[in-house]
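Working notes, beginning with the structure itself.
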Amino acid sequence: MNKRKFGIALSTVLITGTLLAACGKSDDTTNETTNGGEKEQFTVAMVTDIGGVDDKSFNQSSWEGLVNFGKENGLEKGKNGYDYLQSKSDADYTTNLNTLVRQDFDLVYAIGFLMPAAVEEIATQQRDAKFAIVDAEVDLPNVASILFKEHEAGFLAGIAAAKTTKTNHIGFIGGMEIPVVERFEVGFIAGVKAANPGAKVDVQYAGAFDKAEIGNTIASKMYSSGADVIFHAAGGTGSGLFKEANDRKAKNPDQDFWVIGVDRDQADMGPDVVLTSALKRVDVAVKDLSTKTKDGQFPGGEIKLYGLAEDGVGLAPINEKAASKADIDASVQEWIEKIKSGDVKVPETQEELKAFSPK
Amino acid sequence: MSLMEILLIIIPSTLLWAAPLIFTGLGGNFSERAGVVNIGLEGLMVIGAFTAIVFNLQFDSVLGDATPWVALLAAMVAGAIFSILHAVASITFRADQTVSGVAINLLSIGLALFLVKLIYGKGQTDIIQKSFSKIDIPILSDIPVIGDLFFSNTYYTSYVAIFVAIIVWVIMFKTPFGLRLRAVGEHPMAADTMGINVTRMRYIAVILSGALGGIGGGVYAQAISSDFGHATISGQGFMALAALIFGKWNPLGVMGAALFFGFAQSLSIIGKSLPFLENIPSVYLLIAPYVLTILALTGFIGRADAPKASGVPYIKGKR
């Protein structure tokens with residue numbers, strides 16, 4: 001019987017150990033900066049979603065923006081400069097936001113479309129604190145919402161794809177059917193239409209951002225049915241696409257299996273297959289908004305849209321191995337001018353896409 | 001799309017999906033047949049995937065094209081070692097096997113991510129350069145029709161998985177070791193009376209399950225995701241557990257179930273391009289694999305009886 005009790009005790013220790021280990025990280029970041037004192041500097045902090053500041057995606061990009069802002073203004077990481085708290089689960093958002101507000105940060109960012117409810121709750125309670133949310137909208141006077149014109153980045157990706165395809169068959173893999181991804185999709189289709197009206201775009205959603213095997217199968221289907229360029233806006237599901245493209249390229253080096261990455265320059269995922277990437281410069285937006293707030297121009301209650309004109313979105317350099325690189329570059333540049341000058345308005349929704357005619 | 005074109009997409013992707021599930025499900029098979037519930041398969045896959053990727057990244061310059069296979073061995077060893085935790089807790093100390101399995105799941109993902117941070121200073125690894133890649137099986141792929149369907153554009157690991165499933169079936173049902181293993185899981189006291197060391201058999205079974213779970217994770221990481229992060233293994237271990245039950249604790253059944261899951265999953269993705277399915281809203285196609293599984297579980301396989309002593313710690317001399 002003693003053995004049995006010991007066994008239960010052992011499992012309990014295992015579980016508590018794991019749970020405590022999971023809590024460990026956020027403790028370091030809060031505890032290391034306990035030097036109090038009067039502060040005169042502008043301070044800024046962010047709450048990540050479950051991805052963490054090195055997720056190679058928007059959390060990381062936001063953090064880079066904060067770091068750049070800090071460097072430019074001579075701030076140090078910590079309570080008197082810039083800092084972050086990582087969320088381990090959806091339940092951490094409100095707690096983390098509250099913690100940062102209580103540490104007197106002048107501006108607190110919430111990163112990601114999962115957080116508007118948490119921001120709304122805390123911002124209603126802490127009316128004097130300033131918040132900003134990335135990739136979502138919160139309509140409160142002390143919250144600024146940062147949104148991106150993903151459709152403009154998608155549009156440029158569409159131009160590049162349309163200029164590259166030889167089969168006139170292009171693929172799009174989406175993660176989940178949420179507005180952010182749909183803007184990429186709509187812009188992409190519009191871009192293809194603008195540069196090569198004869199090309200067909202095959203759209204498929206995986207229903208998840210973390211299922212590489214689904215991305216793999218969709219990619220396999222698209223390449224097998226004749227697509228030679230595939231654009232993904234699917235996070236981790238996209239890894240399957242890169243894998244499939246790399247495998248096919250290794251087996252048939254003479255054929256084209258291009259991939260267009262998303263959010264950051266994903267060229268490292270496959271030097272032979274990544275054509276370019278539709279960039280979303282969260283870092284630019286975060287830095288810009290921090291600077292504005294520091295100068296006393298906090299856009300509370302507003303939605304700040306970052307598009308091509310604000311350098312908030314863009315297109316990564318085209319792969320040197322693409323046969324028509326010069327042609328693509330020229331044409332992308334031409335459309336950038338048109339969009340920036342306002343001659344062309346890239347559609348944002350399916351309805352606008354139907355009415356869209358590139359001239 | 002013609003039927004041939006559809007099959008040319010569905011069959012390779014079914015095989016690709018099924019491979020990690022087959023390995024891991026076979027691991028669960030060993031453990032449960034010996035009377036130890038192993039809900040920690042997911043965690044063992046995580047350890048396998050982590051080890052395979054780290055090993056691959058470290059040694060690819062030395063080992064060249066053999067890297068993924070050697071990394072798979074490393075994943076196997078790591079899985080086996082990690083499963084000893086489960087064995088010690090649930091066999092020697094007779095802890096609740098489900099609780100111990102859950103602990104394995106929580107511990108492994110935490111540990112793996114912690115180590116990734118420690119080694120690479122970021123939340124996920126780089127992608128590996130030497131992964132399992134698409135091949136045409138020599139000779140067999142030259143057979144007309146069948147060669148194109150089953151032996152082209154696929155991965156060696158899928159065939160190894162099917163081969164291992166057959167070997168496991170032989171071991172479990174045709175060898176003295178297999179008989180003892182099943183005896184220990186059905187009626188440990190009777191086995192003990194006949195002079196079989198129940199504790200030893202159960203240890204071997206759990207370690208084997210760790211080894212195969214590690215391979216399953218290693219295959220997934222090196223054939224499908226090609227890097228390791230927090231979302232690399234997300235539910236495949238539980239799918240393998242479902243395949244085990246669906247397959248009625250029989251190695252060949254597990255293999256069939258895993259292939260069925262892979263097939264249903266591929267079909268749900270290809271479905272959108274099939275002429276007779278294209279008008280169905282995509283949400284129905286996405287849930288189809290799960291609906292099919294439930295239907296199959298409730299309607300077609302009949303009673304699925306677990307080994308009698310599964311989940312019950314053996315206490316010598318206790319009736």
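By convention here, the chains of the structure tokens are called A, B, ... in the order presented, each chain's residues are numbered starting at 1, and ligands are numbered starting at 1 in the order presented.
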**Request:** Would you list the contacts of B:Leu15 as a PyMOL selection string, taking every protein, DNA or RNA residue within 7 Å and counting only C-alpha atoms, but skipping same-chain residues closer than 3 positions in sequence?
**Result:** chain B and resi 11-12+18-19+158+259+262
Can you write just those residues out, all heavy atoms, as a compact mmCIF listing (two decimals), in the first residue's frame?
# COMPACT_ATOMS: atom_id res chain seq x y z
N ILE B 11 -3.49 8.58 -52.88
CA ILE B 11 -2.75 7.45 -52.31
C ILE B 11 -1.42 7.87 -51.68
O ILE B 11 -1.17 7.55 -50.51
CB ILE B 11 -2.58 6.33 -53.35
CG1 ILE B 11 -3.97 5.74 -53.64
CG2 ILE B 11 -1.65 5.24 -52.85
CD1 ILE B 11 -4.00 4.72 -54.73
N PRO B 12 -0.57 8.63 -52.40
CA PRO B 12 0.68 9.03 -51.72
C PRO B 12 0.42 9.84 -50.45
O PRO B 12 1.13 9.67 -49.45
CB PRO B 12 1.40 9.88 -52.76
CG PRO B 12 0.83 9.48 -54.06
CD PRO B 12 -0.59 9.09 -53.79
N ALA B 18 -0.27 8.40 -42.86
CA ALA B 18 -0.47 7.24 -42.01
C ALA B 18 0.81 6.82 -41.29
O ALA B 18 0.74 6.32 -40.17
CB ALA B 18 -1.01 6.09 -42.84
N ALA B 19 1.98 7.07 -41.91
CA ALA B 19 3.22 6.52 -41.36
C ALA B 19 3.44 6.84 -39.88
O ALA B 19 3.62 5.93 -39.07
CB ALA B 19 4.40 6.95 -42.21
N SER B 158 6.84 5.30 -45.18
CA SER B 158 5.51 4.69 -45.20
C SER B 158 5.61 3.18 -45.36
O SER B 158 4.88 2.43 -44.71
CB SER B 158 4.68 5.27 -46.34
OG SER B 158 4.69 6.66 -46.26
N LEU B 259 -4.26 3.99 -41.90
CA LEU B 259 -4.42 4.25 -43.34
C LEU B 259 -5.79 4.85 -43.62
O LEU B 259 -5.94 5.76 -44.44
CB LEU B 259 -4.24 2.96 -44.14
CG LEU B 259 -2.80 2.45 -44.23
CD1 LEU B 259 -2.75 1.05 -44.83
CD2 LEU B 259 -1.94 3.39 -45.07
N GLY B 262 -5.76 8.45 -42.68
CA GLY B 262 -5.03 9.19 -43.71
C GLY B 262 -5.87 9.38 -44.96
O GLY B 262 -5.93 10.46 -45.53
**Prompt:** Using only C-alpha atoms, which residues sit within 7 Å of B:Ile9 once same-chain residues fewer than 3 positions away are excluded, as an MDAnalysis selection string?
**Reply:** (chainID A and resid 220:221) or (chainID B and resid 5:6 12:13)
Just write the chosen residues, N, CA and C atoms, as a PDB file, in the first residue's frame.
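Result file follows (part.pdb):
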ATOM      1  N   SER A 220       0.200  19.362 -52.390  1.00  0.00           N
ATOM      2  CA  SER A 220       0.398  18.234 -53.287  1.00  0.00           C
ATOM      3  C   SER A 220      -0.708  18.208 -54.339  1.00  0.00           C
ATOM      4  N   LYS A 221      -1.935  18.442 -53.874  1.00  0.00           N
ATOM      5  CA  LYS A 221      -3.066  18.449 -54.799  1.00  0.00           C
ATOM      6  C   LYS A 221      -2.908  19.563 -55.836  1.00  0.00           C
TER       7      LYS A 221
ATOM      8  N   GLU B   5      -6.002  10.524 -61.880  1.00  0.00           N
ATOM      9  CA  GLU B   5      -5.335  11.702 -61.320  1.00  0.00           C
ATOM     10  C   GLU B   5      -5.660  11.849 -59.836  1.00  0.00           C
ATOM     11  N   ILE B   6      -6.945  11.608 -59.510  1.00  0.00           N
ATOM     12  CA  ILE B   6      -7.359  11.731 -58.110  1.00  0.00           C
ATOM     13  C   ILE B   6      -6.606  10.723 -57.253  1.00  0.00           C
ATOM     14  N   PRO B  12      -0.567   8.628 -52.397  1.00  0.00           N
ATOM     15  CA  PRO B  12       0.678   9.033 -51.715  1.00  0.00           C
ATOM     16  C   PRO B  12       0.424   9.843 -50.450  1.00  0.00           C
ATOM     17  N   SER B  13      -0.610  10.703 -50.461  1.00  0.00           N
ATOM     18  CA  SER B  13      -0.771  11.521 -49.262  1.00  0.00           C
ATOM     19  C   SER B  13      -1.368  10.687 -48.122  1.00  0.00           C
TER      20      SER B  13
END
**Item:** All residues 9 Å or closer to stretch 63-67 of chain A, only C-alpha atoms, same chain fewer than 5 positions away omitted, as an MDAnalysis selection string
**Value:** chainID A and resid 44:46 48 53:54 58 72 75:77 82:84 281:288 290
Selection: 10 Å around A:Tyr223, only C-alpha atoms, excl. self and same-chain fewer than 2 positions, as a PDB file with N, CA, C and O atoms, in the first residue's frame:
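Saved result, part_10.pdb, follows:
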ATOM      1  N   HIS A 169      -1.922  28.635 -63.789  1.00  0.00           N
ATOM      2  CA  HIS A 169      -2.668  28.003 -62.699  1.00  0.00           C
ATOM      3  C   HIS A 169      -1.908  28.320 -61.406  1.00  0.00           C
ATOM      4  O   HIS A 169      -0.744  27.969 -61.260  1.00  0.00           O
ATOM      5  N   ILE A 170      -2.606  29.012 -60.492  1.00  0.00           N
ATOM      6  CA  ILE A 170      -1.961  29.514 -59.290  1.00  0.00           C
ATOM      7  C   ILE A 170      -2.774  29.064 -58.088  1.00  0.00           C
ATOM      8  O   ILE A 170      -4.000  28.937 -58.177  1.00  0.00           O
ATOM      9  N   GLY A 171      -2.106  28.783 -56.967  1.00  0.00           N
ATOM     10  CA  GLY A 171      -2.825  28.310 -55.781  1.00  0.00           C
ATOM     11  C   GLY A 171      -2.764  29.302 -54.631  1.00  0.00           C
ATOM     12  O   GLY A 171      -1.837  30.115 -54.541  1.00  0.00           O
ATOM     13  N   THR A 217      -0.808  18.212 -47.956  1.00  0.00           N
ATOM     14  CA  THR A 217      -1.716  17.538 -48.891  1.00  0.00           C
ATOM     15  C   THR A 217      -2.338  18.527 -49.876  1.00  0.00           C
ATOM     16  O   THR A 217      -2.467  18.235 -51.066  1.00  0.00           O
ATOM     17  N   ILE A 218      -2.729  19.713 -49.367  1.00  0.00           N
ATOM     18  CA  ILE A 218      -3.315  20.704 -50.265  1.00  0.00           C
ATOM     19  C   ILE A 218      -2.290  21.093 -51.343  1.00  0.00           C
ATOM     20  O   ILE A 218      -2.604  21.159 -52.536  1.00  0.00           O
ATOM     21  N   ALA A 219      -1.054  21.315 -50.885  1.00  0.00           N
ATOM     22  CA  ALA A 219      -0.004  21.694 -51.837  1.00  0.00           C
ATOM     23  C   ALA A 219       0.189  20.596 -52.867  1.00  0.00           C
ATOM     24  O   ALA A 219       0.296  20.869 -54.071  1.00  0.00           O
ATOM     25  N   SER A 220       0.200  19.362 -52.390  1.00  0.00           N
ATOM     26  CA  SER A 220       0.398  18.234 -53.287  1.00  0.00           C
ATOM     27  C   SER A 220      -0.708  18.208 -54.339  1.00  0.00           C
ATOM     28  O   SER A 220      -0.465  18.008 -55.530  1.00  0.00           O
ATOM     29  N   LYS A 221      -1.935  18.442 -53.874  1.00  0.00           N
ATOM     30  CA  LYS A 221      -3.066  18.449 -54.799  1.00  0.00           C
ATOM     31  C   LYS A 221      -2.908  19.563 -55.836  1.00  0.00           C
ATOM     32  O   LYS A 221      -3.086  19.346 -57.029  1.00  0.00           O
ATOM     33  N   SER A 225      -2.279  19.131 -59.829  1.00  0.00           N
ATOM     34  CA  SER A 225      -3.280  19.494 -60.828  1.00  0.00           C
ATOM     35  C   SER A 225      -2.811  20.672 -61.673  1.00  0.00           C
ATOM     36  O   SER A 225      -3.607  21.309 -62.352  1.00  0.00           O
ATOM     37  N   GLY A 226      -1.523  20.989 -61.625  1.00  0.00           N
ATOM     38  CA  GLY A 226      -0.976  21.901 -62.604  1.00  0.00           C
ATOM     39  C   GLY A 226      -0.547  23.269 -62.105  1.00  0.00           C
ATOM     40  O   GLY A 226      -0.004  24.057 -62.856  1.00  0.00           O
ATOM     41  N   ALA A 227      -0.788  23.584 -60.821  1.00  0.00           N
ATOM     42  CA  ALA A 227      -0.361  24.885 -60.316  1.00  0.00           C
ATOM     43  C   ALA A 227       1.160  24.927 -60.253  1.00  0.00           C
ATOM     44  O   ALA A 227       1.794  23.910 -59.973  1.00  0.00           O
ATOM     45  N   ASP A 228       1.750  26.080 -60.533  1.00  0.00           N
ATOM     46  CA  ASP A 228       3.196  26.172 -60.379  1.00  0.00           C
ATOM     47  C   ASP A 228       3.620  27.298 -59.447  1.00  0.00           C
ATOM     48  O   ASP A 228       4.812  27.454 -59.167  1.00  0.00           O
ATOM     49  N   VAL A 229       2.669  28.068 -58.927  1.00  0.00           N
ATOM     50  CA  VAL A 229       2.974  29.051 -57.888  1.00  0.00           C
ATOM     51  C   VAL A 229       1.877  28.936 -56.830  1.00  0.00           C
ATOM     52  O   VAL A 229       0.695  28.915 -57.171  1.00  0.00           O
ATOM     53  N   ILE A 230       2.271  28.817 -55.563  1.00  0.00           N
ATOM     54  CA  ILE A 230       1.269  28.770 -54.493  1.00  0.00           C
ATOM     55  C   ILE A 230       1.625  29.808 -53.434  1.00  0.00           C
ATOM     56  O   ILE A 230       2.769  29.889 -52.992  1.00  0.00           O
ATOM     57  N   GLU A 244       6.574  20.240 -49.293  1.00  0.00           N
ATOM     58  CA  GLU A 244       6.138  19.626 -50.549  1.00  0.00           C
ATOM     59  C   GLU A 244       6.890  20.239 -51.738  1.00  0.00           C
ATOM     60  O   GLU A 244       7.383  19.529 -52.605  1.00  0.00           O
ATOM     61  N   ALA A 245       6.986  21.583 -51.736  1.00  0.00           N
ATOM     62  CA  ALA A 245       7.654  22.255 -52.847  1.00  0.00           C
ATOM     63  C   ALA A 245       9.130  21.854 -52.906  1.00  0.00           C
ATOM     64  O   ALA A 245       9.648  21.531 -53.989  1.00  0.00           O
ATOM     65  N   ARG A 248       9.437  18.263 -54.226  1.00  0.00           N
ATOM     66  CA  ARG A 248       9.174  18.141 -55.664  1.00  0.00           C
ATOM     67  C   ARG A 248      10.319  18.729 -56.471  1.00  0.00           C
ATOM     68  O   ARG A 248      10.706  18.183 -57.502  1.00  0.00           O
ATOM     69  N   ASP A 256       9.077  23.940 -62.293  1.00  0.00           N
ATOM     70  CA  ASP A 256       8.933  25.036 -61.337  1.00  0.00           C
ATOM     71  C   ASP A 256       7.912  24.696 -60.261  1.00  0.00           C
ATOM     72  O   ASP A 256       6.795  24.291 -60.569  1.00  0.00           O
ATOM     73  N   PHE A 257       8.316  24.850 -58.999  1.00  0.00           N
ATOM     74  CA  PHE A 257       7.370  24.716 -57.893  1.00  0.00           C
ATOM     75  C   PHE A 257       7.593  25.909 -56.978  1.00  0.00           C
ATOM     76  O   PHE A 257       8.369  25.835 -56.034  1.00  0.00           O
ATOM     77  N   TRP A 258       6.953  27.039 -57.289  1.00  0.00           N
ATOM     78  CA  TRP A 258       7.208  28.240 -56.519  1.00  0.00           C
ATOM     79  C   TRP A 258       6.258  28.361 -55.330  1.00  0.00           C
ATOM     80  O   TRP A 258       5.103  27.932 -55.395  1.00  0.00           O
TER      81      TRP A 258
ATOM     82  N   ILE B   9      -3.080  11.505 -56.371  1.00  0.00           N
ATOM     83  CA  ILE B   9      -2.863  12.462 -55.278  1.00  0.00           C
ATOM     84  C   ILE B   9      -3.208  11.816 -53.944  1.00  0.00           C
ATOM     85  O   ILE B   9      -2.492  11.940 -52.965  1.00  0.00           O
TER      86      ILE B   9
END
**Prompt:** Got a sec to tell me which of stretch 96-257 of chain A DSSP assigns to alpha helix (DSSP H), as JSON, numbers by chain?
**Reply:** {"A": [96, 97, 98, 99, 100, 101, 102, 116, 117, 118, 119, 120, 121, 122, 123, 124, 125, 150, 151, 152, 153, 154, 155, 156, 157, 158, 159, 160, 161, 162, 163, 164, 179, 180, 181, 182, 183, 184, 185, 186, 187, 188, 189, 190, 191, 192, 193, 194, 195, 212, 213, 214, 215, 216, 217, 218, 219, 220, 221, 222, 223, 224, 238, 239, 240, 241, 242, 243, 244, 245, 246, 247, 248, 249, 250, 251]}
**Asked** Of the candidates A:Ala199, A:Met176, A:Ala278, A:Leu308, which shows the shortest atom-to-atom distance to chain B, using only C-alpha atoms?
**Response**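 Checking each of A:Ala199, A:Met176, A:Ala278, A:Leu308 against chain B, counting only C-alpha atoms, the winner is A:Met176.
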**Message:** My list of candidates is A:Asn216, A:Thr164, A:Ser62, A:Asn252. Which is closest to A:Ala195 when distances are computed with only C-alpha atoms?
**Reply:** A:Thr164
Listing only residues of stretch 107-147 of chain B within 6 Å of stretch 223-239 of chain B, what is the closest atom pair and its distance in Å (to one decimal) for each, using only C-alpha atoms, sorted by chain and residue number ascending, as a tab-separated table?
residue	atom	partner	partner_atom	distance
B:Gln124	CA	B:Gly229	CA	4.4
B:Thr125	CA	B:Phe228	CA	5.5
B:Ile127	CA	B:Asp227	CA	4.6
B:Ile128	CA	B:Ser226	CA	5.7
B:Phe132	CA	B:Ala223	CA	5.0
